[in-house]
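Peer 1: Enclosed is the structure file structure_19.txt (compact mmCIF, C-alpha atoms and all ligand atoms).
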# COMPACT_ATOMS: atom_id res chain seq x y z
CA MET G 135 -26.06 14.04 11.22
CA TYR G 136 -22.55 13.15 10.17
CA PHE G 137 -21.19 13.55 6.66
CA ASP G 138 -21.97 10.51 4.54
CA PRO G 139 -19.94 10.58 1.32
CA MET G 140 -22.08 7.77 -0.09
CA SER G 141 -25.09 10.10 -0.19
CA ASN G 142 -23.22 12.36 -2.57
CA ASP G 143 -24.34 12.10 -6.20
CA ARG G 144 -20.80 11.79 -7.45
CA ILE G 145 -19.49 8.25 -7.83
CA TYR G 146 -15.98 8.13 -6.40
CA LEU G 147 -13.13 5.80 -7.18
CA SER G 148 -12.72 4.46 -3.65
CA PRO G 149 -14.80 6.34 -1.08
CA PRO G 150 -14.88 5.44 2.60
CA ARG G 151 -17.87 3.34 3.59
CA LEU G 152 -18.89 3.66 7.23
CA GLU G 153 -20.91 0.55 7.94
CA GLY G 154 -19.71 -0.71 11.32
CA ASN G 155 -18.86 0.64 14.76
CA GLU G 156 -16.86 3.69 13.59
CA ARG G 157 -19.28 6.30 14.96
CA LYS G 158 -19.84 4.45 18.24
CA TYR G 159 -16.09 4.02 18.83
CA LEU G 160 -15.30 7.60 17.87
CA LEU G 161 -17.87 8.96 20.32
CA GLU G 162 -16.52 6.58 22.96
CA ALA G 163 -13.01 7.94 22.34
CA LEU G 164 -14.25 11.54 22.57
CA ASP G 165 -16.26 10.88 25.73
CA SER G 166 -13.26 9.20 27.38
CA ASN G 167 -11.13 12.31 26.72
CA TRP G 168 -8.36 10.21 25.13
CA ILE G 169 -7.53 12.81 22.48
CA ALA G 170 -3.90 11.80 22.16
CA PRO G 171 -1.47 9.91 19.92
CA THR G 172 -1.96 6.97 22.28
CA GLY G 173 -4.94 5.55 24.17
CA PRO G 174 -7.28 2.55 24.47
CA PHE G 175 -8.31 2.50 20.79
CA VAL G 176 -4.68 2.53 19.63
CA THR G 177 -4.08 -0.48 21.89
CA ARG G 178 -7.24 -2.23 20.68
CA LEU G 179 -6.42 -1.54 17.03
CA GLU G 180 -2.91 -2.95 17.44
CA GLN G 181 -4.38 -6.07 19.06
CA ALA G 182 -6.93 -6.42 16.23
CA LEU G 183 -4.15 -6.09 13.65
CA ARG G 184 -2.08 -8.76 15.42
CA GLU G 185 -5.11 -11.05 15.35
CA HIS G 186 -5.91 -10.30 11.71
CA THR G 187 -2.34 -10.80 10.48
CA GLY G 188 -1.18 -13.45 12.95
CA MET G 189 1.97 -11.36 13.44
CA PRO G 190 3.45 -11.05 16.95
CA GLU G 191 3.67 -7.27 16.67
CA ALA G 192 1.63 -4.47 15.13
CA ILE G 193 2.31 -0.78 15.66
CA ALA G 194 -0.23 1.86 14.67
CA VAL G 195 1.31 4.98 13.12
CA ASN G 196 0.09 8.18 11.48
CA SER G 197 0.51 7.10 7.82
CA GLY G 198 1.69 4.37 5.50
CA THR G 199 4.52 6.63 4.37
CA SER G 200 5.75 6.95 7.98
CA ALA G 201 5.48 3.17 8.30
CA ILE G 202 7.81 2.63 5.32
CA HIS G 203 10.21 5.29 6.61
CA LEU G 204 10.36 3.54 10.00
CA ALA G 205 10.85 0.12 8.39
CA LEU G 206 13.79 1.34 6.31
CA ARG G 207 15.31 3.17 9.25
CA VAL G 208 15.24 0.13 11.59
CA LEU G 209 16.75 -2.00 8.83
CA GLY G 210 19.74 0.33 8.87
CA VAL G 211 19.20 2.08 5.53
CA GLY G 212 21.27 5.25 5.40
CA PRO G 213 23.12 7.73 3.18
CA GLY G 214 24.61 6.25 0.03
CA ASP G 215 22.61 2.99 0.26
CA GLU G 216 20.32 1.68 -2.45
CA VAL G 217 16.83 0.32 -1.97
CA ILE G 218 15.17 -1.73 -4.69
CA CYS G 219 11.61 -0.52 -5.34
CA PRO G 220 8.92 -1.24 -7.91
CA THR G 221 8.38 1.42 -10.55
CA PHE G 222 4.67 0.76 -11.03
CA THR G 223 3.30 2.12 -7.76
CA PHE G 224 2.52 5.25 -5.79
CA ILE G 225 5.50 7.50 -4.96
CA ALA G 226 5.27 6.70 -1.23
CA SER G 227 6.72 3.22 -1.90
CA ALA G 228 10.03 4.87 -2.85
CA ALA G 229 10.12 8.36 -1.33
CA PRO G 230 10.98 7.25 2.25
CA ALA G 231 14.31 5.77 1.06
CA THR G 232 15.30 9.28 0.00
CA TYR G 233 14.43 10.69 3.47
CA LEU G 234 17.30 8.54 4.77
CA GLY G 235 19.74 9.65 2.07
CA ALA G 236 19.40 6.38 0.13
CA SER G 237 18.52 5.99 -3.58
CA PRO G 238 15.64 3.93 -4.89
CA VAL G 239 16.56 1.65 -7.80
CA PHE G 240 13.47 0.88 -9.84
CA VAL G 241 12.35 -2.48 -11.17
CA ASP G 242 9.65 -3.05 -13.79
CA CYS G 243 6.48 -5.06 -13.25
CA GLU G 244 5.34 -8.33 -14.87
CA MET G 245 2.19 -8.43 -16.95
CA GLN G 246 0.21 -11.02 -14.98
CA THR G 247 -0.12 -9.38 -11.55
CA TRP G 248 1.36 -5.95 -12.50
CA ASN G 249 3.79 -6.35 -9.60
CA MET G 250 7.59 -6.34 -9.38
CA ASP G 251 9.07 -8.86 -11.81
CA PRO G 252 11.18 -11.43 -9.88
CA GLU G 253 13.67 -11.99 -12.74
CA LEU G 254 14.29 -8.26 -13.03
CA LEU G 255 14.60 -7.97 -9.25
CA ASP G 256 17.32 -10.63 -9.27
CA GLN G 257 19.05 -8.92 -12.20
CA ALA G 258 18.92 -5.52 -10.47
CA ILE G 259 20.44 -6.83 -7.23
CA ARG G 260 23.21 -8.72 -9.01
CA SER G 261 24.01 -5.84 -11.30
CA ARG G 262 24.11 -3.21 -8.53
CA ARG G 263 26.19 -5.43 -6.25
CA ALA G 264 28.62 -6.14 -9.09
CA ALA G 265 28.96 -2.36 -9.50
CA GLY G 266 29.88 -2.08 -5.81
CA ALA G 267 26.61 -0.49 -4.70
CA LYS G 268 25.39 -0.95 -1.12
CA VAL G 269 21.98 -2.52 -1.73
CA LYS G 270 20.27 -2.60 1.68
CA ALA G 271 16.62 -3.62 1.26
CA VAL G 272 13.81 -4.49 -1.14
CA VAL G 273 10.40 -2.79 -1.03
CA PHE G 274 7.66 -4.83 -2.69
CA ALA G 275 4.34 -3.01 -3.25
CA TYR G 276 1.07 -4.89 -3.80
CA CYS G 277 -0.19 -3.00 -6.85
CA TYR G 278 -3.87 -2.05 -6.39
CA GLY G 279 -3.91 -4.69 -3.62
CA MET G 280 -2.83 -7.62 -5.81
CA PRO G 281 -0.29 -10.16 -4.49
CA GLY G 282 2.64 -10.86 -6.82
CA ARG G 283 4.93 -13.84 -7.36
CA MET G 284 5.78 -13.82 -3.68
CA ASP G 285 7.58 -17.20 -3.40
CA GLU G 286 10.07 -16.09 -6.01
CA ILE G 287 10.47 -12.61 -4.51
CA LEU G 288 11.10 -14.13 -1.07
CA GLU G 289 13.57 -16.69 -2.42
CA ILE G 290 15.55 -13.94 -4.21
CA CYS G 291 15.66 -11.75 -1.10
CA ARG G 292 16.82 -14.70 1.03
CA ARG G 293 19.45 -15.74 -1.50
CA HIS G 294 20.86 -12.21 -1.58
CA GLU G 295 20.44 -11.80 2.21
CA LEU G 296 18.29 -8.72 1.75
CA PRO G 297 15.38 -7.80 4.01
CA LEU G 298 11.96 -7.54 2.35
CA ILE G 299 9.55 -4.75 3.26
CA GLU G 300 6.05 -5.47 2.02
CA ASP G 301 4.29 -2.27 1.11
CA ALA G 302 0.78 -3.64 1.63
CA ALA G 303 -0.65 -0.09 1.85
CA GLU G 304 -3.32 -1.06 -0.69
CA ALA G 305 -3.55 -4.75 0.19
CA LEU G 306 -5.22 -5.12 3.58
CA GLY G 307 -7.48 -8.16 3.23
CA SER G 308 -5.52 -9.74 0.35
CA THR G 309 -3.93 -13.14 0.93
CA TYR G 310 -1.13 -15.19 -0.61
CA LYS G 311 -1.39 -18.96 -0.02
CA GLY G 312 -3.60 -18.24 2.97
CA LYS G 313 -1.24 -15.68 4.50
CA PRO G 314 -2.28 -12.03 4.76
CA ALA G 315 -0.43 -9.58 2.52
CA GLY G 316 2.23 -7.87 4.62
CA THR G 317 3.15 -10.97 6.66
CA LEU G 318 5.51 -12.79 4.29
CA GLY G 319 8.65 -10.67 4.48
CA ASP G 320 10.54 -9.05 7.35
CA ILE G 321 8.34 -6.00 7.87
CA GLY G 322 4.87 -5.27 6.47
CA ILE G 323 3.11 -1.93 6.29
CA TYR G 324 -0.49 -0.81 5.75
CA SER G 325 -2.11 2.54 4.99
CA PHE G 326 -5.43 3.79 6.35
CA ASN G 327 -5.45 6.84 4.10
CA GLY G 328 -8.85 8.19 3.00
CA ASN G 329 -9.05 6.15 -0.19
CA LYS G 330 -7.96 2.79 1.27
CA ILE G 331 -10.15 -0.24 1.90
CA VAL G 332 -9.94 0.47 5.64
CA THR G 333 -9.53 4.12 6.53
CA GLY G 334 -9.38 6.45 9.48
CA SER G 335 -8.96 9.46 7.13
CA VAL G 336 -5.22 9.03 7.72
CA GLY G 337 -3.14 6.38 9.45
CA GLY G 338 -0.91 3.41 8.91
CA ALA G 339 0.58 0.39 10.63
CA VAL G 340 3.74 -1.66 10.74
CA VAL G 341 3.68 -5.41 11.41
CA CYS G 342 6.69 -7.60 12.12
CA ARG G 343 7.82 -10.82 13.73
CA ASP G 344 11.05 -9.61 15.33
CA LEU G 345 10.34 -8.12 18.76
CA ALA G 346 13.65 -6.26 18.86
CA ILE G 347 12.67 -4.50 15.62
CA SER G 348 9.20 -3.64 16.90
CA ALA G 349 10.61 -2.27 20.17
CA ARG G 350 12.90 -0.05 18.16
CA ILE G 351 10.03 1.14 15.97
CA ARG G 352 7.91 1.95 19.04
CA LYS G 353 10.72 4.08 20.37
CA LEU G 354 11.33 5.94 17.08
CA VAL G 355 7.60 6.63 16.66
CA ALA G 356 7.60 8.74 19.84
CA GLN G 357 10.68 10.96 19.32
CA ALA G 358 13.07 8.21 20.47
CA LYS G 359 12.49 9.03 24.12
CA GLU G 360 14.54 6.86 26.46
CA ASN G 361 12.77 4.95 29.22
CA THR G 362 13.38 7.63 31.83
CA PRO G 363 10.96 9.89 33.75
CA HIS G 364 12.44 12.99 32.13
CA PHE G 365 12.90 13.64 28.40
CA GLU G 366 16.13 11.85 27.53
CA HIS G 367 17.05 11.29 23.86
CA HIS G 368 20.14 9.48 22.56
CA GLU G 369 19.08 9.51 18.93
CA ILE G 370 16.66 11.32 16.63
CA GLY G 371 13.16 9.88 16.29
CA TYR G 372 9.87 11.02 14.76
CA ASN G 373 6.41 12.15 15.76
CA TYR G 374 4.63 9.30 13.95
CA GLY G 375 2.11 8.03 16.52
CA MET G 376 -1.53 7.39 15.61
CA SER G 377 -4.26 9.47 17.21
CA ASN G 378 -6.69 7.58 19.46
CA LEU G 379 -9.54 9.20 17.48
CA VAL G 380 -8.18 7.87 14.19
CA ALA G 381 -7.66 4.44 15.79
CA ALA G 382 -11.32 4.36 16.86
CA VAL G 383 -12.45 4.85 13.24
CA VAL G 384 -9.88 2.41 11.82
CA LEU G 385 -10.90 -0.28 14.32
CA GLY G 386 -14.57 0.10 13.37
CA GLN G 387 -13.59 -0.25 9.71
CA LEU G 388 -11.25 -3.20 10.27
CA GLU G 389 -14.06 -5.21 11.88
CA MET G 390 -15.87 -5.03 8.51
CA LEU G 391 -12.85 -5.96 6.38
CA GLU G 392 -14.16 -9.23 5.00
CA LYS G 393 -17.36 -7.58 3.77
CA LYS G 394 -15.34 -4.75 2.24
CA VAL G 395 -13.17 -7.23 0.32
CA SER G 396 -16.14 -9.20 -0.92
CA ASP G 397 -17.98 -6.01 -2.00
CA ARG G 398 -14.97 -4.84 -4.03
CA ARG G 399 -14.45 -8.28 -5.55
CA LYS G 400 -18.09 -8.28 -6.72
CA VAL G 401 -17.65 -4.89 -8.36
CA PHE G 402 -14.48 -6.07 -10.09
CA ASP G 403 -16.27 -9.24 -11.34
CA GLY G 404 -19.03 -7.01 -12.72
CA TYR G 405 -16.50 -5.07 -14.81
CA VAL G 406 -14.93 -8.30 -16.05
CA LYS G 407 -18.39 -9.45 -17.19
CA GLN G 408 -18.87 -6.14 -19.02
CA LEU G 409 -15.47 -6.35 -20.72
CA ARG G 410 -15.12 -10.10 -21.21
CA ASP G 411 -15.98 -10.06 -24.90
CA THR G 412 -13.97 -6.94 -25.76
CA PRO G 413 -10.63 -7.93 -27.33
CA GLY G 414 -7.38 -6.48 -26.03
CA VAL G 415 -8.56 -5.76 -22.48
CA ARG G 416 -6.26 -6.90 -19.69
CA TRP G 417 -6.56 -6.92 -15.92
CA GLN G 418 -4.52 -8.13 -12.95
CA VAL G 419 -4.67 -11.90 -12.60
CA GLU G 420 -4.72 -13.73 -9.27
CA ILE G 421 -1.99 -16.34 -9.41
CA ASP G 422 -2.45 -19.75 -7.76
CA GLY G 423 -3.42 -19.63 -4.12
CA CYS G 424 -3.88 -15.90 -3.81
CA ARG G 425 -6.93 -13.74 -3.22
CA ALA G 426 -6.84 -10.03 -3.99
CA ASN G 427 -8.90 -7.44 -2.14
CA ARG G 428 -9.43 -5.68 -5.51
CA TRP G 429 -8.85 -2.35 -3.80
CA LEU G 430 -9.09 -0.72 -7.20
CA SER G 431 -10.62 -2.25 -10.32
CA ALA G 432 -7.97 -1.50 -12.94
CA PHE G 433 -8.10 -2.29 -16.65
CA PHE G 434 -5.69 -1.93 -19.54
CA PHE G 435 -7.14 -1.26 -22.98
CA GLY G 436 -5.02 -2.47 -25.90
CA ASP G 437 -5.34 -0.88 -29.35
CA ASP G 438 -7.68 -3.63 -30.57
CA SER G 439 -10.15 -2.94 -27.73
CA GLY G 440 -11.38 0.21 -29.45
CA ILE G 441 -11.49 1.84 -26.01
CA ARG G 442 -9.37 4.95 -25.49
CA ALA G 443 -8.62 5.41 -21.81
CA SER G 444 -8.59 9.21 -21.96
CA GLU G 445 -11.98 9.22 -23.72
CA LEU G 446 -13.43 6.81 -21.17
CA ILE G 447 -12.15 8.96 -18.28
CA ALA G 448 -13.65 12.09 -19.90
CA LYS G 449 -16.98 10.36 -20.59
CA LEU G 450 -17.24 9.12 -16.99
CA ALA G 451 -16.29 12.58 -15.69
CA SER G 452 -19.18 14.06 -17.69
CA GLN G 453 -21.47 11.68 -15.77
CA ASN G 454 -19.98 12.83 -12.44
CA ILE G 455 -18.02 9.59 -12.10
CA GLU G 456 -14.43 9.59 -10.88
CA SER G 457 -11.86 7.40 -12.65
CA ARG G 458 -8.11 7.67 -13.03
CA PRO G 459 -5.21 6.64 -15.28
CA LEU G 460 -2.94 3.86 -14.04
CA TRP G 461 0.22 4.79 -12.08
CA LYS G 462 2.80 6.70 -14.06
CA PRO G 463 5.96 4.64 -13.43
CA LEU G 464 8.25 6.20 -10.83
CA HIS G 465 11.38 5.96 -12.99
CA LEU G 466 9.63 8.35 -15.42
CA GLN G 467 8.79 10.89 -12.73
CA GLY G 468 10.76 14.14 -12.63
CA ALA G 469 11.62 13.46 -8.98
CA PHE G 470 13.60 10.37 -9.99
CA THR G 471 15.37 11.32 -13.22
CA GLU G 472 18.76 10.36 -11.71
CA ASN G 473 17.64 6.91 -10.49
CA LEU G 474 18.40 3.60 -12.14
CA PHE G 475 15.75 1.43 -13.73
CA PHE G 476 15.74 -2.25 -14.67
CA GLY G 477 13.13 -3.29 -17.22
CA ASP G 478 11.57 -2.55 -20.56
CA ASP G 479 11.34 1.17 -20.95
CA ALA G 480 7.91 1.49 -22.51
CA GLY G 481 8.11 5.24 -22.07
CA GLY G 482 4.97 5.26 -19.98
CA SER G 483 2.68 4.98 -23.00
CA GLU G 484 1.07 1.83 -21.60
CA VAL G 485 -0.06 3.77 -18.56
CA LEU G 486 -2.05 6.10 -20.72
CA ALA G 487 -4.00 3.12 -21.99
CA GLY G 488 -5.31 2.03 -18.59
CA VAL G 489 -8.03 3.17 -16.21
CA CYS G 490 -8.86 2.64 -12.52
CA LEU G 491 -12.64 2.49 -12.24
CA PRO G 492 -14.97 3.14 -9.27
CA SER G 493 -14.35 0.13 -7.08
CA LEU G 494 -17.25 0.18 -4.65
CA LYS G 495 -20.01 0.72 -7.19
CA MET G 496 -19.87 -0.67 -10.70
CA VAL G 497 -20.58 1.85 -13.43
CA HIS G 498 -21.60 1.07 -17.01
CA LEU G 499 -18.86 1.62 -19.54
CA ASP G 500 -20.87 1.70 -22.78
C1 LIG S 1 1.47 1.64 -2.51
C2 LIG S 1 1.38 2.70 -1.47
N1 LIG S 1 2.39 2.86 -0.62
C3 LIG S 1 2.36 3.77 0.36
C4 LIG S 1 1.28 4.61 0.52
C5 LIG S 1 1.35 5.66 1.57
O1 LIG S 1 0.35 5.60 2.49
P1 LIG S 1 -0.14 6.96 3.23
O2 LIG S 1 -0.92 7.75 2.24
O3 LIG S 1 -0.97 6.43 4.36
O4 LIG S 1 1.07 7.67 3.70
C6 LIG S 1 0.18 4.48 -0.36
C7 LIG S 1 -1.05 5.29 -0.29
O5 LIG S 1 -1.27 6.36 -0.04
C8 LIG S 1 0.24 3.53 -1.39
O6 LIG S 1 -0.76 3.42 -2.27
Let me see the structure of the file written as structure tokens.
Ligand SMILES: Cc1ncc(COP(=O)(O)O)c(C=O)c1O
Peer 2:
Amino acid sequence: MYFDPMSNDRIYLSPPRLEGNERKYLLEALDSNWIAPTGPFVTRLEQALREHTGMPEAIAVNSGTSAIHLALRVLGVGPGDEVICPTFTFIASAAPATYLGASPVFVDCEMQTWNMDPELLDQAIRSRRAAGAKVKAVVFAYCYGMPGRMDEILEICRRHELPLIEDAAEALGSTYKGKPAGTLGDIGIYSFNGNKIVTGSVGGAVVCRDLAISARIRKLVAQAKENTPHFEHHEIGYNYGMSNLVAAVVLGQLEMLEKKVSDRRKVFDGYVKQLRDTPGVRWQVEIDGCRANRWLSAFFFGDDSGIRASELIAKLASQNIESRPLWKPLHLQGAFTENLFFGDDAGGSEVLAGVCLPSLKMVHLD
């Protein structure tokens, strides 16, 4: 019997759900003795990701963080450069810039989708360039899986001749005008971390259109070994390859993606029904032509709602239900006290008024 987290009494925020070929593929991988950071399931997963995204290249790696690091590295980000990042996201959207000696510059979100505000992005780029800064790239993160105002973001990046990395770590299965999240900019990344919609316990992927870029990423993933029989290295790379065992589980999960999206969307709709008549409650809105995977069901409770987020979190915890505050903005984190921020500095108080709720099983809030 394998461990089934769904049989646990506790209701988790975003537990893995094994409902496809994961077990079969994993046993196949074990039986084939491909216990390596390469192998048939890595190849099959990359092919499945190319088919899902329609992108010419997909590279499986060991985490979403590694994927962002690789993307920034191949785009030439280096010491002294600046990378524009959203503030309202997980730290891994911004941390990889610092691995390369660059500084994240943070941009606030807009209230409709909770994603990077295009006007503030434009302002940040112009202001930093006017100050003589070397702005090298933009990282856009799909907050809780929700697409943002992508046409505007893309137009701004093109106008300023800046590459766009889409941090679609949380957004596998979301679409913008029919295109999968992660396929609009120059490089897209996904995470298969334990709490993601598709998981292998760990893992990530990079997708891109430019074959020269993907060839470079493939080389850097495996310690930048030259194409020689012996170990020849002309530059420093990383050990970022995905295990064949992880790939077997991720592939099994990916085959069920559409069901996973529709299950999460139903849960989200259930919360909206519960909260529809409560004043002052806000949630992420799908703008025209986009479909969110609703990775997490997130709600903001204004003063007039009568709902205190901390009380709700405590009440759910007493019922053995996991919930969580919204992201604390990165520009307010101790790790980034020296970094610039463009936006309304709400001091993080808004964050304390929001909650991420269990997203695979609706719980009752009253
Ligand atoms: C927005 C975002 N970016 C990047 C990551 C990093 O992915 P990983 O945990 O696979 O390194 C995550 C999740 O963990 C994330 O939520």
Peer 1: Counting only C-alpha atoms and all ligand atoms, name the residues that have an atom within 10 Å of an atom of ligand LIG 1 (chain S); the answer should be given as a PyMOL selection string.
Peer 2: chain G and resi 195-203+220+222-230+273-279+300-305+323-330+333-339+461
Peer 1: Could you pull the residues within 7 Å of Ala356 in chain G, counting all atoms listed in the file, minus those fewer than 3 positions along the same chain, as a list of chain:residue names?
Peer 2: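 Non-adjacent residues within range: G:Arg352, G:Lys353, G:Lys359, G:Gly371, G:Tyr372, G:Asn373, G:Tyr374, G:Gly375.
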Peer 1: Just how far from CA of Glu253 in chain G is CA of Val239 in chain G, in Å to one decimal?
Peer 2: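 Answer for the CA of Val239 in chain G to CA of Glu253 in chain G separation: 14.8 Å.
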Peer 1: Please work out which residues fall within 7 Å of (15.0, -6.2, -12.4), coordinates as given in the file, with only C-alpha atoms counting, and return them as an MDAnalysis selection string.
Peer 2: chainID G and resid 241:242 251:258 476:477
Peer 1: Next, dump the selected residues to file, keeping only C-alpha atoms, as a JSON list (two decimals), in the coordinates of the input.
Peer 2:
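Output (out.json):
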[["chain", "number", "residue", "atom", "x", "y", "z"],
["G", 241, "VAL", "CA", 12.35, -2.48, -11.17],
["G", 242, "ASP", "CA", 9.65, -3.05, -13.79],
["G", 251, "ASP", "CA", 9.07, -8.86, -11.81],
["G", 252, "PRO", "CA", 11.18, -11.43, -9.88],
["G", 253, "GLU", "CA", 13.67, -11.99, -12.74],
["G", 254, "LEU", "CA", 14.29, -8.26, -13.03],
["G", 255, "LEU", "CA", 14.60, -7.97, -9.25],
["G", 256, "ASP", "CA", 17.32, -10.63, -9.27],
["G", 257, "GLN", "CA", 19.05, -8.92, -12.20],
["G", 258, "ALA", "CA", 18.92, -5.52, -10.47],
["G", 476, "PHE", "CA", 15.74, -2.25, -14.67],
["G", 477, "GLY", "CA", 13.13, -3.29, -17.22]]
Peer 1: Let me make sure I understand: among G:Leu474, G:Val208, G:Val380, G:Ile421, which one has the smallest atom-to-atom distance to Pro171 in chain G if we use all atoms listed in the file?
Peer 2: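 Among the listed residues, G:Val380 lies closest to Pro171 in chain G.
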Peer 1: Closest to Arg398 in chain G among G:Lys495, G:Lys268, G:Lys311, G:His186, using all atoms listed in the file?
Peer 2: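 Of all the options, G:Lys495 lies closest to Arg398 in chain G.
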Peer 1: Show me as a list in words the residues that reach within 10 Å of (5.1, -8.8, 6.6), counting all atoms listed in the file and using the file's own coordinates.
Peer 2: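 Within the cut-off we find Thr187, Met189, Leu298, Ile299, Glu300, Asp301, Ala302, Lys313, Pro314, Ala315, Gly316, Thr317, Leu318, Gly319, Asp320, Ile321, Gly322, Ile323, Tyr324, Val340, Val341, Cys342 and Arg343 of chain G.
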Peer 1: Considering all atoms listed in the file, return as an MDAnalysis selection string whatever protein or nucleic-acid residues lie within 7 Å of Asn454 in chain G, sequence-local ones (same chain, fewer than 2 positions apart) excluded.
Peer 2: chainID G and resid 144:145 450:452 456
Peer 1: Can you tell me how far CA of Asp438 in chain G sits from CA of Lys462 in chain G, in Å to one decimal?
Peer 2: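 If I compute the distance from CA of Asp438 in chain G to CA of Lys462 in chain G, I get 22.1 Å.
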Peer 1: What is the distance, in Å and to one decimal place, between CA of Ser439 in chain G and CA of Val415 in chain G?
Peer 2: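 CA of Val415 in chain G lies 6.2 Å from CA of Ser439 in chain G.
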Peer 1: So that I can see what lies close to Ala443 in chain G, please list as a list in words the residues with an atom at most 10 Å from it, counting all atoms listed in the file and leaving out residues fewer than 2 positions away in the same chain.
Peer 2: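 Selected residues are Phe433, Phe434, Phe435, Gly436, Gly440, Ile441, Glu445, Leu446, Ile447, Ala448, Lys449, Ser457, Arg458, Pro459, Leu460, Val485, Leu486, Ala487, Gly488, Val489 and Cys490 of chain G.
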Peer 1: Generate a file of the selected residues that holds C-alpha atoms, formatted as a compact mmCIF listing (two decimals), in the coordinates of the input.
Peer 2:
# COMPACT_ATOMS: atom_id res chain seq x y z
CA PHE G 433 -8.10 -2.29 -16.65
CA PHE G 434 -5.69 -1.93 -19.54
CA PHE G 435 -7.14 -1.26 -22.98
CA GLY G 436 -5.02 -2.47 -25.90
CA GLY G 440 -11.38 0.21 -29.45
CA ILE G 441 -11.49 1.84 -26.01
CA GLU G 445 -11.98 9.22 -23.72
CA LEU G 446 -13.43 6.81 -21.17
CA ILE G 447 -12.15 8.96 -18.28
CA ALA G 448 -13.65 12.09 -19.90
CA LYS G 449 -16.98 10.36 -20.59
CA SER G 457 -11.86 7.40 -12.65
CA ARG G 458 -8.11 7.67 -13.03
CA PRO G 459 -5.21 6.64 -15.28
CA LEU G 460 -2.94 3.86 -14.04
CA VAL G 485 -0.06 3.77 -18.56
CA LEU G 486 -2.05 6.10 -20.72
CA ALA G 487 -4.00 3.12 -21.99
CA GLY G 488 -5.31 2.03 -18.59
CA VAL G 489 -8.03 3.17 -16.21
CA CYS G 490 -8.86 2.64 -12.52
Peer 1: Which residue out of G:Tyr146, G:Trp168, G:Tyr233, G:Phe240 has the minimum interatomic distance to Asn473 in chain G when all atoms listed in the file are used?
Peer 2: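 Ranked by minimum distance to Asn473 in chain G, first place goes to G:Phe240.
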Peer 1: With distances taken over all atoms listed in the file, which of G:Gly214, G:Pro150, G:Pro190, G:Pro174 is nearest to Asp344 in chain G?
Peer 2: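 Closest residue, counting all atoms listed in the file: G:Pro190.
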Peer 1: Report the centre and edge lengths, in Å to one decimal, of an axis-aligned box enclosing every atom of range 276-280 of chain G listed in the file, padded by 5 Å on each side, as AutoDock Vina command-line options.
Peer 2:
--center_x -1.4 --center_y -4.8 --center_z -5.2 --size_x 15.0 --size_y 15.6 --size_z 13.2
Peer 1: List as a Markdown table every residue of range 174-215 of chain G that is in contact with range 155-164 of chain G, defined as an atom at most 12 Å from one of its atoms (using only C-alpha atoms), together with the nearest atom pair and the distance in Å rounded to one decimal, sorted by chain and then rising number.
Peer 2:
| residue | atom | partner | partner_atom | distance |
| --- | --- | --- | --- | --- |
| G:Pro174 | CA | G:Ala163 | CA | 8.1 |
| G:Phe175 | CA | G:Ala163 | CA | 7.4 |
| G:Val176 | CA | G:Ala163 | CA | 10.3 |
| G:Arg178 | CA | G:Tyr159 | CA | 11.0 |
| G:Leu179 | CA | G:Tyr159 | CA | 11.3 |
Peer 1: Could you tell me which of G:Gln357, G:Pro463, G:Gly312, G:Ser348 comes closest to Ile370 in chain G if we count all atoms listed in the file?
Peer 2: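 Comparing G:Gln357, G:Pro463, G:Gly312, G:Ser348 against Ile370 in chain G, the winner is G:Gln357.
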Peer 1: Taking all atoms listed in the file into account, which of G:Ala358, G:Cys291, G:Ile351, G:Ala236 comes nearest Ala267 in chain G?
Peer 2: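 Checking each candidate against Ala267 in chain G, we get G:Ala236 as the closest.
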Peer 1: Kindly output range 374-382 of chain G as a PDB file, in the frame of the given file, after building N, CA and C atoms.
Peer 2:
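Wrote it out as result-v7.pdb, contents follow:
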ATOM      1  N   TYR G 374       5.389  10.110  14.921  1.00  0.00           N
ATOM      2  CA  TYR G 374       4.630   9.300  13.950  1.00  0.00           C
ATOM      3  C   TYR G 374       3.500   8.501  14.597  1.00  0.00           C
ATOM      4  N   GLY G 375       3.144   8.826  15.850  1.00  0.00           N
ATOM      5  CA  GLY G 375       2.110   8.030  16.520  1.00  0.00           C
ATOM      6  C   GLY G 375       0.729   8.254  15.920  1.00  0.00           C
ATOM      7  N   MET G 376      -0.143   7.255  16.093  1.00  0.00           N
ATOM      8  CA  MET G 376      -1.530   7.390  15.610  1.00  0.00           C
ATOM      9  C   MET G 376      -2.415   7.993  16.690  1.00  0.00           C
ATOM     10  N   SER G 377      -3.298   8.880  16.283  1.00  0.00           N
ATOM     11  CA  SER G 377      -4.260   9.470  17.210  1.00  0.00           C
ATOM     12  C   SER G 377      -5.268   8.406  17.672  1.00  0.00           C
ATOM     13  N   ASN G 378      -5.658   8.490  18.940  1.00  0.00           N
ATOM     14  CA  ASN G 378      -6.690   7.580  19.460  1.00  0.00           C
ATOM     15  C   ASN G 378      -8.011   7.741  18.709  1.00  0.00           C
ATOM     16  N   LEU G 379      -8.291   8.957  18.227  1.00  0.00           N
ATOM     17  CA  LEU G 379      -9.540   9.200  17.480  1.00  0.00           C
ATOM     18  C   LEU G 379      -9.493   8.471  16.126  1.00  0.00           C
ATOM     19  N   VAL G 380      -8.351   8.570  15.472  1.00  0.00           N
ATOM     20  CA  VAL G 380      -8.180   7.870  14.190  1.00  0.00           C
ATOM     21  C   VAL G 380      -8.290   6.357  14.413  1.00  0.00           C
ATOM     22  N   ALA G 381      -7.653   5.886  15.496  1.00  0.00           N
ATOM     23  CA  ALA G 381      -7.660   4.440  15.790  1.00  0.00           C
ATOM     24  C   ALA G 381      -9.086   3.937  16.006  1.00  0.00           C
ATOM     25  N   ALA G 382      -9.929   4.763  16.615  1.00  0.00           N
ATOM     26  CA  ALA G 382     -11.320   4.360  16.860  1.00  0.00           C
ATOM     27  C   ALA G 382     -12.027   4.100  15.524  1.00  0.00           C
TER      28      ALA G 382
END
